[in-house]
Amino acid sequence: MNPDDPLLRILACPLDKGPLHLLLEDDAPEALYNPRLHRRYPIVDGIPQLLPTSGEQVSEDEHERLLKRLAR
């Protein structure tokens, strides 16, 4: 998935129905992130896994790191 993918505009968090942010990191698999709930959803073989049970809660430290990364 790339940042210009039109699909990103319509994907929403399954819990709060808000927008998600694409995480592209060299040392981690692609994922979508909800900063409001501190939840990360994996992208497997180009397919976002957006079931509520697929998301993982991130720690406060990880959340701060991700926010800095998204701000770039």
# chains A, B, ... in the order shown; residues from 1 in each chain; ligands from 1

$ residues_around --residues "Val44 in chain A" --least-positions-apart "6" --cutoff "10 Å" --atoms "only C-alpha atoms" --output "VMD selection string"
chain A and resid 29 to 31

$ write_last_selection --atoms "C-alpha atoms" --output "compact mmCIF listing (two decimals), in the first residue's frame"
# COMPACT_ATOMS: atom_id res chain seq x y z
CA PRO A 29 5.75 -4.46 8.55
CA GLU A 30 3.25 -2.05 7.01
CA ALA A 31 0.37 -1.11 9.29

$ select_by_dssp --residues "chain A" --states "strand (DSSP E or B)" --output "ChimeraX atom specification"
/A:12,19,21-23,31-34,39-44,47-48,56-57

$ closest_residue --among "A:Ala28, A:Leu51, A:Leu67, A:Val58" --to "Pro14 in chain A" --atoms "only C-alpha atoms"
A:Leu51

$ closest_residue --among "A:Gly46, A:Gln57, A:Arg40, A:Glu62" --to "Leu23 in chain A" --atoms "only C-alpha atoms"
A:Arg40

$ residues_around --residues "Ser54 in chain A" --least-positions-apart "5" --cutoff "9 Å" --atoms "only C-alpha atoms" --output "short mmCIF file (atom, residue, chain, number, x, y, z; two decimals) with N, CA, C and O atoms, in the first residue's frame"
data_model
loop_
_atom_site.label_atom_id
_atom_site.label_comp_id
_atom_site.auth_asym_id
_atom_site.auth_seq_id
_atom_site.Cartn_x
_atom_site.Cartn_y
_atom_site.Cartn_z
N ARG A 40 -2.85 -0.25 16.46
CA ARG A 40 -2.17 -0.49 15.18
C ARG A 40 -2.81 -1.74 14.55
O ARG A 40 -2.99 -2.76 15.21
N TYR A 41 -3.12 -1.63 13.24
CA TYR A 41 -3.72 -2.73 12.49
C TYR A 41 -2.73 -3.17 11.40
O TYR A 41 -2.28 -2.34 10.61
N PRO A 42 -2.41 -4.44 11.32
CA PRO A 42 -1.43 -4.90 10.34
C PRO A 42 -1.99 -4.89 8.92
O PRO A 42 -3.20 -4.94 8.70
N GLN A 49 -5.88 -5.53 7.76
CA GLN A 49 -6.60 -6.42 8.66
C GLN A 49 -7.36 -5.54 9.66
O GLN A 49 -6.81 -5.15 10.68
#

$ residues_around --residues "Asn34 in chain A" --least-positions-apart "5" --cutoff "10 Å" --atoms "only C-alpha atoms" --output "list in words"
Ala12, Cys13, Leu15, Asp16, Lys17, Gly18, Pro19, Leu20, His21, Leu22, Arg39, Arg40, Tyr41, Gly55, Gln57 and His63 of chain A

$ select_by_dssp --residues "chain A" --states "helix (DSSP H, G or I)" --output "list in words"
Leu7, Leu8, Arg9, Ile10, Pro52, Thr53, Ser54, Glu60, Asp61, Glu62, His63, Glu64, Arg65, Leu66, Leu67, Lys68, Arg69, Leu70 and Ala71 of chain A

$ write_last_selection --atoms "N, CA and C atoms" --output "PDB file, in the first residue's frame"
ATOM      1  N   LEU A   7      -7.693   4.244  -1.480  1.00  0.00           N
ATOM      2  CA  LEU A   7      -8.331   3.407  -0.464  1.00  0.00           C
ATOM      3  C   LEU A   7      -8.114   3.967   0.940  1.00  0.00           C
ATOM      4  N   LEU A   8      -6.973   4.611   1.153  1.00  0.00           N
ATOM      5  CA  LEU A   8      -6.672   5.176   2.482  1.00  0.00           C
ATOM      6  C   LEU A   8      -7.690   6.227   2.917  1.00  0.00           C
ATOM      7  N   ARG A   9      -8.309   6.905   1.960  1.00  0.00           N
ATOM      8  CA  ARG A   9      -9.285   7.949   2.303  1.00  0.00           C
ATOM      9  C   ARG A   9     -10.590   7.369   2.847  1.00  0.00           C
ATOM     10  N   ILE A  10     -10.883   6.121   2.490  1.00  0.00           N
ATOM     11  CA  ILE A  10     -12.159   5.553   2.927  1.00  0.00           C
ATOM     12  C   ILE A  10     -12.014   4.517   4.036  1.00  0.00           C
ATOM     13  N   PRO A  52     -11.708  -5.717  14.674  1.00  0.00           N
ATOM     14  CA  PRO A  52     -11.321  -5.189  15.992  1.00  0.00           C
ATOM     15  C   PRO A  52     -10.286  -6.069  16.703  1.00  0.00           C
ATOM     16  N   THR A  53     -10.389  -7.386  16.522  1.00  0.00           N
ATOM     17  CA  THR A  53      -9.442  -8.285  17.181  1.00  0.00           C
ATOM     18  C   THR A  53      -8.074  -8.312  16.512  1.00  0.00           C
ATOM     19  N   SER A  54      -7.968  -7.769  15.298  1.00  0.00           N
ATOM     20  CA  SER A  54      -6.684  -7.746  14.584  1.00  0.00           C
ATOM     21  C   SER A  54      -5.783  -6.618  15.071  1.00  0.00           C
ATOM     22  N   GLU A  60       2.430   3.738  25.534  1.00  0.00           N
ATOM     23  CA  GLU A  60       2.512   5.202  25.452  1.00  0.00           C
ATOM     24  C   GLU A  60       3.812   5.633  24.775  1.00  0.00           C
ATOM     25  N   ASP A  61       4.917   4.956  25.075  1.00  0.00           N
ATOM     26  CA  ASP A  61       6.200   5.280  24.439  1.00  0.00           C
ATOM     27  C   ASP A  61       6.141   5.030  22.926  1.00  0.00           C
ATOM     28  N   GLU A  62       5.557   3.894  22.538  1.00  0.00           N
ATOM     29  CA  GLU A  62       5.425   3.575  21.114  1.00  0.00           C
ATOM     30  C   GLU A  62       4.499   4.577  20.434  1.00  0.00           C
ATOM     31  N   HIS A  63       3.441   4.958  21.102  1.00  0.00           N
ATOM     32  CA  HIS A  63       2.504   5.954  20.559  1.00  0.00           C
ATOM     33  C   HIS A  63       3.245   7.267  20.272  1.00  0.00           C
ATOM     34  N   GLU A  64       4.035   7.739  21.209  1.00  0.00           N
ATOM     35  CA  GLU A  64       4.793   8.985  21.014  1.00  0.00           C
ATOM     36  C   GLU A  64       5.758   8.860  19.840  1.00  0.00           C
ATOM     37  N   ARG A  65       6.415   7.708  19.723  1.00  0.00           N
ATOM     38  CA  ARG A  65       7.342   7.475  18.612  1.00  0.00           C
ATOM     39  C   ARG A  65       6.586   7.502  17.284  1.00  0.00           C
ATOM     40  N   LEU A  66       5.422   6.871  17.233  1.00  0.00           N
ATOM     41  CA  LEU A  66       4.633   6.841  16.005  1.00  0.00           C
ATOM     42  C   LEU A  66       4.123   8.218  15.631  1.00  0.00           C
ATOM     43  N   LEU A  67       3.714   9.002  16.615  1.00  0.00           N
ATOM     44  CA  LEU A  67       3.251  10.373  16.328  1.00  0.00           C
ATOM     45  C   LEU A  67       4.364  11.207  15.721  1.00  0.00           C
ATOM     46  N   LYS A  68       5.577  11.066  16.235  1.00  0.00           N
ATOM     47  CA  LYS A  68       6.718  11.798  15.671  1.00  0.00           C
ATOM     48  C   LYS A  68       6.966  11.344  14.237  1.00  0.00           C
ATOM     49  N   ARG A  69       6.849  10.064  14.003  1.00  0.00           N
ATOM     50  CA  ARG A  69       7.058   9.526  12.648  1.00  0.00           C
ATOM     51  C   ARG A  69       5.983  10.035  11.688  1.00  0.00           C
ATOM     52  N   LEU A  70       4.745  10.098  12.139  1.00  0.00           N
ATOM     53  CA  LEU A  70       3.660  10.578  11.281  1.00  0.00           C
ATOM     54  C   LEU A  70       3.796  12.073  10.985  1.00  0.00           C
ATOM     55  N   ALA A  71       4.412  12.819  11.882  1.00  0.00           N
ATOM     56  CA  ALA A  71       4.559  14.259  11.700  1.00  0.00           C
ATOM     57  C   ALA A  71       5.563  14.607  10.598  1.00  0.00           C
TER      58      ALA A  71
END

$ closest_residue --among "A:Leu11, A:Leu32, A:Met1, A:Leu24" --to "Arg72 in chain A" --atoms "only C-alpha atoms"
A:Leu24

$ atom_distance --atom1 "CA of Asn2 in chain A" --atom2 "CA of Leu37 in chain A"
22.9 Å
